[in-house]
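Just protein.txt here, compact mmCIF, C-alpha atoms:
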# COMPACT_ATOMS: atom_id res chain seq x y z
CA MET G 1 94.85 113.57 118.07
CA THR G 2 93.63 113.31 114.49
CA LEU G 3 93.91 110.16 112.38
CA GLN G 4 96.26 111.99 110.01
CA LYS G 5 98.68 112.84 112.86
CA LEU G 6 98.55 109.24 114.12
CA ARG G 7 99.47 107.96 110.67
CA LYS G 8 102.33 110.45 110.46
CA LEU G 9 103.67 109.36 113.84
CA ASN G 10 103.34 105.72 112.85
CA ARG G 11 105.35 106.33 109.65
CA LYS G 12 108.09 108.05 111.66
CA LYS G 13 108.14 105.15 114.11
CA ASN G 14 108.41 102.59 111.30
CA ILE G 15 111.27 104.52 109.65
CA PHE G 16 113.09 104.73 113.00
CA LEU G 17 112.64 101.00 113.71
CA LYS G 18 113.89 100.08 110.22
CA LYS G 19 116.99 102.20 110.78
CA VAL G 20 117.63 100.58 114.16
CA LYS G 21 117.19 97.13 112.66
CA LEU G 22 119.52 97.93 109.75
CA ASP G 23 122.21 99.33 112.06
CA ALA G 24 121.96 96.22 114.27
CA GLN G 25 122.33 93.90 111.26
CA LEU G 26 125.38 95.77 109.97
CA LEU G 27 126.99 95.83 113.42
CA PHE G 28 126.63 92.05 113.58
CA LEU G 29 128.00 91.51 110.05
CA ASP G 30 130.84 94.03 110.25
CA LYS G 31 133.36 91.57 111.65
CA ILE G 32 136.15 91.69 109.07
CA LYS G 33 139.20 93.65 110.12
CA ARG G 34 141.85 94.35 107.52
CA ARG G 35 145.41 93.45 108.47
CA GLU G 36 147.33 95.48 105.91
CA PRO G 37 146.88 98.89 104.28
CA ALA G 38 145.15 98.80 100.88
CA GLN G 39 147.56 98.43 97.98
CA PHE G 40 146.89 98.74 94.26
CA SER G 41 148.94 96.98 91.58
CA GLU G 42 149.22 97.73 87.86
CA LYS G 43 147.06 94.74 86.92
CA MET G 44 144.33 93.65 89.34
CA ASN G 45 141.43 91.23 89.45
CA ILE G 46 138.54 93.58 90.21
CA VAL G 47 134.98 92.57 91.09
CA MET G 48 132.17 95.14 90.98
CA LEU G 49 128.88 94.75 92.81
CA CYS G 50 125.92 95.50 90.54
CA ASN G 51 123.22 93.46 92.29
CA ALA G 52 119.84 95.25 92.55
CA PHE G 53 120.86 97.55 89.68
CA GLY G 54 118.45 98.53 86.95
CA ILE G 55 119.42 98.48 83.27
CA GLY G 56 120.23 102.19 83.31
CA ASP G 57 122.47 101.78 86.37
CA ALA G 58 124.33 98.97 84.59
CA ILE G 59 124.86 101.08 81.46
CA VAL G 60 126.28 103.93 83.56
CA MET G 61 128.51 101.39 85.34
CA SER G 62 129.93 100.41 81.95
CA GLY G 63 131.83 103.72 81.93
CA LEU G 64 133.80 102.66 84.99
CA VAL G 65 134.27 99.16 83.57
CA ASN G 66 135.59 100.62 80.33
CA ALA G 67 138.02 102.95 82.07
CA LEU G 68 139.46 100.21 84.32
CA HIS G 69 139.72 97.76 81.41
CA GLN G 70 141.71 100.35 79.46
CA GLN G 71 144.14 100.45 82.40
CA GLY G 72 144.78 96.71 82.00
CA HIS G 73 142.69 95.28 84.84
CA ASN G 74 140.58 92.09 84.70
CA ILE G 75 136.96 92.86 85.50
CA THR G 76 134.32 90.60 87.02
CA MET G 77 130.73 91.85 87.34
CA LEU G 78 128.38 90.52 90.00
CA CYS G 79 124.81 91.21 88.92
CA GLU G 80 121.35 89.74 88.63
CA LYS G 81 120.16 87.85 85.57
CA ARG G 82 117.96 90.78 84.46
CA THR G 83 121.01 93.01 83.89
CA ALA G 84 123.70 90.40 83.14
CA PHE G 85 123.19 90.84 79.38
CA ILE G 86 124.76 94.31 79.60
CA PHE G 87 128.10 92.67 80.48
CA GLU G 88 127.93 89.07 79.20
CA HIS G 89 128.81 89.99 75.60
CA SER G 90 131.31 92.70 76.46
CA PRO G 91 135.01 92.25 75.59
CA LEU G 92 135.72 94.62 78.50
CA VAL G 93 134.54 92.05 81.06
CA ASP G 94 136.48 88.95 82.02
CA SER G 95 133.59 87.14 83.74
CA VAL G 96 130.05 87.63 85.06
CA ILE G 97 128.67 86.23 88.31
CA ILE G 98 124.90 85.79 88.13
CA PHE G 99 123.67 86.58 91.63
CA GLU G 100 120.11 86.10 92.89
CA LYS G 101 120.83 84.84 96.42
CA ILE G 102 123.87 84.41 98.65
CA SER G 103 123.99 80.64 98.11
CA ASP G 104 124.73 81.29 94.42
CA LEU G 105 128.27 82.27 95.40
CA LYS G 106 128.97 78.68 96.48
CA LYS G 107 128.61 77.62 92.83
CA VAL G 108 131.15 80.20 91.62
CA PRO G 109 134.75 79.00 91.01
CA VAL G 110 137.08 80.25 93.73
CA LYS G 111 138.96 83.34 92.57
CA SER G 112 141.27 85.76 94.34
CA TYR G 113 140.13 89.37 93.97
CA ASP G 114 142.54 92.23 94.54
CA LEU G 115 139.80 94.84 94.70
CA LEU G 116 136.05 94.86 95.25
CA ILE G 117 134.10 98.00 94.29
CA ASP G 118 130.75 98.73 95.93
CA ILE G 119 129.52 101.96 94.36
CA ASN G 120 126.52 102.24 96.69
CA ASP G 121 125.87 104.24 99.82
CA LYS G 122 124.49 102.51 102.89
CA ASN G 123 120.91 101.35 102.30
CA HIS G 124 118.50 98.48 103.02
CA LEU G 125 120.62 96.13 100.86
CA SER G 126 123.82 96.79 102.79
CA PRO G 127 123.48 93.60 104.90
CA LEU G 128 123.36 91.55 101.71
CA ARG G 129 126.38 93.34 100.29
CA PHE G 130 128.29 92.75 103.53
CA LYS G 131 127.59 89.02 103.16
CA ILE G 132 128.79 89.12 99.54
CA ILE G 133 132.01 90.86 100.57
CA LYS G 134 132.64 88.31 103.32
CA SER G 135 132.03 85.47 100.85
CA LEU G 136 134.28 86.85 98.09
CA ASN G 137 136.91 88.00 100.61
CA PRO G 138 138.76 90.54 98.42
CA LYS G 139 142.15 91.88 99.46
CA THR G 140 140.69 95.39 99.36
CA ALA G 141 137.06 96.56 99.50
CA LEU G 142 136.20 100.07 98.33
CA THR G 143 132.93 101.99 98.74
CA LEU G 144 131.52 105.48 99.26
CA ASN G 145 130.36 107.25 102.44
CA GLN G 146 130.70 104.24 104.76
CA LYS G 147 133.91 104.86 106.69
CA GLN G 148 132.24 103.68 109.91
CA TYR G 149 132.44 100.04 108.79
CA LYS G 150 135.54 97.85 109.12
CA ILE G 151 134.47 95.60 106.24
CA TYR G 152 135.59 98.36 103.85
CA ASP G 153 139.25 99.30 103.53
CA ILE G 154 138.53 102.50 101.64
CA SER G 155 135.48 104.75 101.87
CA ILE G 156 135.38 107.74 99.52
CA ASP G 157 133.70 110.83 100.92
CA TYR G 158 131.26 111.81 98.17
CA HIS G 159 128.25 114.14 98.51
CA GLN G 160 127.28 115.72 95.19
CA PRO G 161 123.47 115.94 94.87
CA HIS G 162 123.82 118.38 91.98
CA LYS G 163 126.19 116.31 89.82
CA HIS G 164 125.51 113.45 87.44
CA THR G 165 125.81 109.98 88.99
CA SER G 166 128.81 109.18 86.78
CA TRP G 167 130.87 111.50 88.99
CA ARG G 168 130.57 108.88 91.74
CA HIS G 169 132.37 106.50 89.40
CA ARG G 170 134.95 109.11 88.49
CA ALA G 171 135.61 109.53 92.21
CA VAL G 172 136.57 105.84 92.29
CA LEU G 173 138.95 106.33 89.34
CA ASN G 174 140.53 109.35 91.03
CA THR G 175 141.06 107.34 94.22
CA LEU G 176 142.79 104.62 92.20
CA GLY G 177 145.04 107.25 90.63
CA TYR G 178 143.46 107.39 87.17
CA THR G 179 142.69 111.09 87.00
CA ASP G 180 143.02 111.24 83.20
CA ALA G 181 141.12 108.03 82.39
CA VAL G 182 138.84 108.11 79.34
CA TRP G 183 135.19 107.98 80.41
CA LYS G 184 132.80 106.38 77.91
CA TYR G 185 129.79 104.10 78.24
CA ALA G 186 130.00 100.82 76.33
CA LEU G 187 127.51 98.20 75.16
CA THR G 188 128.09 95.19 72.90
CA ILE G 189 125.18 93.94 70.78
CA PRO G 190 125.61 90.37 69.47
CA ALA G 191 125.81 90.01 65.67
CA ASP G 192 122.64 87.90 65.43
CA ILE G 193 120.61 90.60 67.18
CA GLU G 194 122.10 93.28 64.93
CA ALA G 195 121.15 91.14 61.92
CA SER G 196 117.54 90.48 62.97
CA THR G 197 117.02 94.17 63.76
CA ALA G 198 118.56 95.11 60.41
CA GLN G 199 115.97 92.89 58.75
CA PHE G 200 113.19 94.89 60.42
CA LEU G 201 114.87 98.16 59.44
CA SER G 202 114.96 97.03 55.81
CA THR G 203 111.15 96.98 55.75
CA LEU G 204 110.90 100.69 56.64
CA SER G 205 110.65 103.54 54.18
CA PRO G 206 113.88 105.46 53.52
CA GLY G 207 114.23 108.71 55.42
CA LYS G 208 114.59 109.72 59.05
CA LEU G 209 113.92 107.14 61.76
CA VAL G 210 112.36 108.47 64.98
CA VAL G 211 112.16 105.95 67.82
CA ILE G 212 109.71 106.72 70.62
CA ASN G 213 109.78 104.90 73.93
CA PRO G 214 106.60 106.25 75.63
CA TYR G 215 106.79 104.35 78.91
CA SER G 216 109.12 103.99 81.88
CA THR G 217 109.25 101.93 85.07
CA GLU G 218 107.06 104.45 86.94
CA GLN G 219 103.59 105.59 85.91
CA ALA G 220 104.42 109.19 86.86
CA ARG G 221 107.10 109.19 84.15
CA ASP G 222 104.94 107.70 81.36
CA MET G 223 103.87 109.77 78.38
CA SER G 224 100.12 110.20 77.95
CA PRO G 225 98.19 108.91 74.92
CA ALA G 226 97.47 112.54 73.99
CA GLN G 227 101.17 113.49 74.03
CA LEU G 228 102.04 110.45 71.96
CA ALA G 229 99.31 111.13 69.39
CA GLU G 230 100.22 114.81 69.05
CA ILE G 231 103.94 114.34 68.45
CA THR G 232 103.38 111.37 66.15
CA ASP G 233 100.89 113.33 64.06
CA TYR G 234 103.31 116.25 63.94
CA LEU G 235 106.15 114.01 62.70
CA ALA G 236 103.86 112.26 60.20
CA LYS G 237 103.31 115.55 58.37
CA ASP G 238 106.70 114.97 56.76
CA ALA G 239 106.63 111.79 54.68
CA LYS G 240 110.38 111.39 55.18
CA ASN G 241 109.86 110.63 58.88
CA THR G 242 109.18 107.09 60.08
CA VAL G 243 108.03 106.73 63.70
CA VAL G 244 108.67 103.45 65.51
CA TYR G 245 107.45 102.71 69.04
CA ILE G 246 109.38 100.47 71.43
CA GLY G 247 108.28 98.91 74.70
CA THR G 248 107.07 95.68 76.25
CA PRO G 249 104.20 93.83 74.51
CA ALA G 250 101.80 95.05 77.22
CA GLN G 251 102.95 98.64 76.74
CA LEU G 252 102.72 98.50 72.95
CA ALA G 253 99.19 97.10 73.23
CA LYS G 254 98.11 100.39 74.84
CA ILE G 255 99.21 102.44 71.83
CA ASP G 256 96.42 103.03 69.31
CA THR G 257 98.03 105.83 67.28
CA ALA G 258 97.89 104.79 63.62
CA SER G 259 100.77 106.93 62.36
CA GLY G 260 103.57 104.87 63.94
CA ILE G 261 104.95 101.34 63.71
CA LYS G 262 105.24 99.06 66.71
CA PHE G 263 108.55 97.23 67.16
CA SER G 264 107.94 94.21 69.34
CA SER G 265 111.53 93.65 70.42
CA PRO G 266 112.35 90.25 71.96
CA SER G 267 114.90 91.88 74.27
CA PHE G 268 116.41 95.18 75.38
CA LEU G 269 119.36 94.54 73.08
CA HIS G 270 117.03 94.37 70.05
CA ALA G 271 115.67 97.78 71.06
CA ALA G 272 119.27 98.95 71.50
CA ALA G 273 120.10 97.88 67.94
CA LEU G 274 117.09 99.84 66.69
CA ILE G 275 118.10 102.94 68.66
CA LYS G 276 121.64 102.62 67.32
CA ALA G 277 120.16 103.15 63.82
CA ALA G 278 117.79 105.98 64.83
CA ASP G 279 118.09 109.62 63.81
CA LEU G 280 116.14 110.80 66.87
CA VAL G 281 114.94 109.15 70.07
CA ILE G 282 112.18 110.38 72.39
CA SER G 283 111.95 108.81 75.84
CA PRO G 284 110.98 109.39 79.49
CA ASP G 285 112.85 106.25 80.58
CA THR G 286 116.37 106.73 81.94
CA SER G 287 117.65 103.35 80.75
CA VAL G 288 116.96 104.46 77.18
CA VAL G 289 118.45 107.88 77.96
CA HIS G 290 121.75 106.28 79.07
CA LEU G 291 121.62 103.93 76.07
CA CYS G 292 121.36 106.94 73.77
CA LYS G 293 124.54 108.34 75.31
CA VAL G 294 126.35 105.12 74.32
CA TYR G 295 125.67 105.98 70.66
CA ASN G 296 125.62 109.78 71.04
CA LYS G 297 122.10 109.92 69.65
CA ASN G 298 119.92 112.97 69.09
CA LEU G 299 117.55 112.66 72.05
CA ILE G 300 114.53 114.38 73.55
CA CYS G 301 114.14 113.08 77.10
CA LEU G 302 111.26 113.85 79.43
CA TYR G 303 111.71 114.14 83.20
CA ASN G 304 109.45 114.78 86.16
CA ASN G 305 110.81 116.66 89.17
CA LYS G 306 111.76 113.78 91.43
CA VAL G 307 113.96 114.25 94.49
CA TYR G 308 115.27 111.27 96.46
CA GLY G 309 117.71 110.39 99.24
CA GLN G 310 119.67 113.32 100.67
CA GLY G 311 118.28 115.92 98.26
CA TYR G 312 119.47 114.19 95.09
CA GLN G 313 117.66 115.59 92.05
CA ASN G 314 116.79 112.85 89.57
CA ASN G 315 116.76 115.36 86.68
CA ILE G 316 120.48 116.00 87.27
CA VAL G 317 121.84 112.85 88.91
CA TRP G 318 120.24 110.55 86.31
CA GLY G 319 120.03 113.09 83.51
CA PRO G 320 121.35 112.53 79.95
CA ASP G 321 124.70 114.29 80.56
CA TYR G 322 125.68 114.84 76.93
CA ASP G 323 125.35 117.64 74.39
CA LYS G 324 123.07 116.03 71.79
CA ALA G 325 120.29 115.49 74.34
CA ILE G 326 117.43 117.93 74.90
CA GLN G 327 116.04 117.51 78.41
CA ILE G 328 112.47 118.65 79.07
CA LEU G 329 111.42 119.09 82.69
CA SER G 330 107.80 118.73 83.72
CA PRO G 331 106.22 121.71 85.50
CA GLY G 332 104.83 119.20 88.02
CA LYS G 333 105.54 115.70 89.28
CA ARG G 334 104.31 113.87 86.18
CA VAL G 335 105.72 113.68 82.67
CA ASP G 336 102.22 113.87 81.18
CA GLN G 337 102.02 117.46 82.50
CA ILE G 338 104.48 118.57 79.82
CA THR G 339 102.54 120.50 77.20
CA THR G 340 102.32 119.54 73.55
CA GLU G 341 103.68 122.98 72.64
CA THR G 342 106.83 122.25 74.65
CA LEU G 343 107.28 118.90 72.92
CA ILE G 344 106.77 120.38 69.46
CA ALA G 345 109.25 123.16 70.25
CA ALA G 346 111.86 120.51 71.14
CA LEU G 347 111.18 118.69 67.88
CA GLU G 348 111.63 121.92 65.94
CA LYS G 349 114.90 122.57 67.79
CA SER G 350 116.00 119.08 66.72
CA GLY G 351 115.33 119.95 63.09
CA TYR G 352 111.88 118.33 62.65
Please express the file's structure as structure tokens.
Amino acid sequence: MTLQKLRKLNRKKNIFLKKVKLDAQLLFLDKIKRREPAQFSEKMNIVMLCNAFGIGDAIVMSGLVNALHQQGHNITMLCEKRTAFIFEHSPLVDSVIIFEKISDLKKVPVKSYDLLIDINDKNHLSPLRFKIIKSLNPKTALTLNQKQYKIYDISIDYHQPHKHTSWRHRAVLNTLGYTDAVWKYALTIPADIEASTAQFLSTLSPGKLVVINPYSTEQARDMSPAQLAEITDYLAKDAKNTVVYIGTPAQLAKIDTASGIKFSSPSFLHAAALIKAADLVISPDTSVVHLCKVYNKNLICLYNNKVYGQGYQNNIVWGPDYDKAIQILSPGKRVDQITTETLIAALEKSGY
């Protein structure tokens, strides 16, 4: 047997053992048995689990938060510190539980929850979510695709690998009886951040503002220096265009293109305030893509052809999902495989 076959067998064995271990953990934790059928009232205290979410996930979740708030419910978000800022300033949210470990829940004031929403499928974090549910002890716990577990009162059957992820959230609304609920992402930027970003904007030349976010959370989705230089040089041909780059300090340090301006934002919300003022945004990062939908921005977004889970296509499931976005798909598995000609054509289509 070749070394390659041995490695393949070993990977299969490890995947199998992880599944067995996960199933054993969930069997042990799945001890809650509901006594009464789930009931929904006109005004409920609802807690949503957003732990282990990225910024983009949290922005998409804001659509569900917004819709339920409009129906008169009180919303509590349970999330990690890195995404709490999405909800902490929002008038749609009643309270935020900062969650890093299960013992954090002991510090939270006791509150009676009518409904807990776990938007996730079963995965490696399910044991942790089971512990959270047992600790919060909601009257009703709702999830998707997990009807085999007693800890959930309601499990929505949802398998749509070719629909945007927001349809998972709409499935929750439909189950709660809100078939006509308005669906709209929401983000609140504090006034002091708006003001400090406005001060930066006042230093720019009048004209069109193009914000470029060249990097993402995965190297395969990063723009290349050549792509960045080519589109910046193209935009710089028109003196009315001002190009501003956003990213972390380490990311901005890698940019040596002279035609653009680096915006060293202290936080994601500062970058959000800048994007709110932009005429066009270019990004391979999905958190920025979802942010652009909040403000209905002209957007050129770059995607590689990633497939995950049960055949879910990242280009669709986490795509822009709005009309003013132009989505460019890579011919391969990396964003830097998108040709300059394709990028320029998208800029021309956007009126540049």
Need the shell around Ile102 (chain G): protein/DNA/RNA residues with any atom at most 12 Å away, counting only C-alpha atoms. Skip same-chain ones fewer than 5 positions apart. Format as a VMD selection string?
chain G and resid 51 78 to 80 97 107 to 108 127 to 136
Here CA of Glu341 (chain G) and CA of Leu329 (chain G) stand apart by 13.3 Å
Rounded to one decimal in Å, what is the spacing between CA of Asn315 (chain G) and CA of Val289 (chain G)?
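That distance, rounded to one decimal, is 11.6 Å.
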Determine, counting only C-alpha atoms, which protein, DNA and RNA residues have an atom within 12 Å of an atom of Tyr178 (chain G); residues of the same chain fewer than 2 positions away are not included. Present the result as a list in words.
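Near Tyr178 (chain G), the qualifying residues are Phe40, Glu42, Leu64, Ala67, Leu68, His69, Gln70, Gln71, Gly72, His169, Arg170, Ala171, Val172, Leu173, Asn174, Thr175, Leu176, Asp180, Ala181, Val182 and Trp183 of chain G.
Excluding Ile338 (chain G) itself and any same-chain residue fewer than 2 positions from it, the protein and nucleic acid residues within 9 Å of it, counting all atoms listed in the file, are Met223, Gln227, Leu302, Asn304, Ile328, Leu329, Ser330, Pro331, Gly332, Arg334, Val335, Asp336, Thr340, Glu341, Thr342 and Leu343 of chain G.
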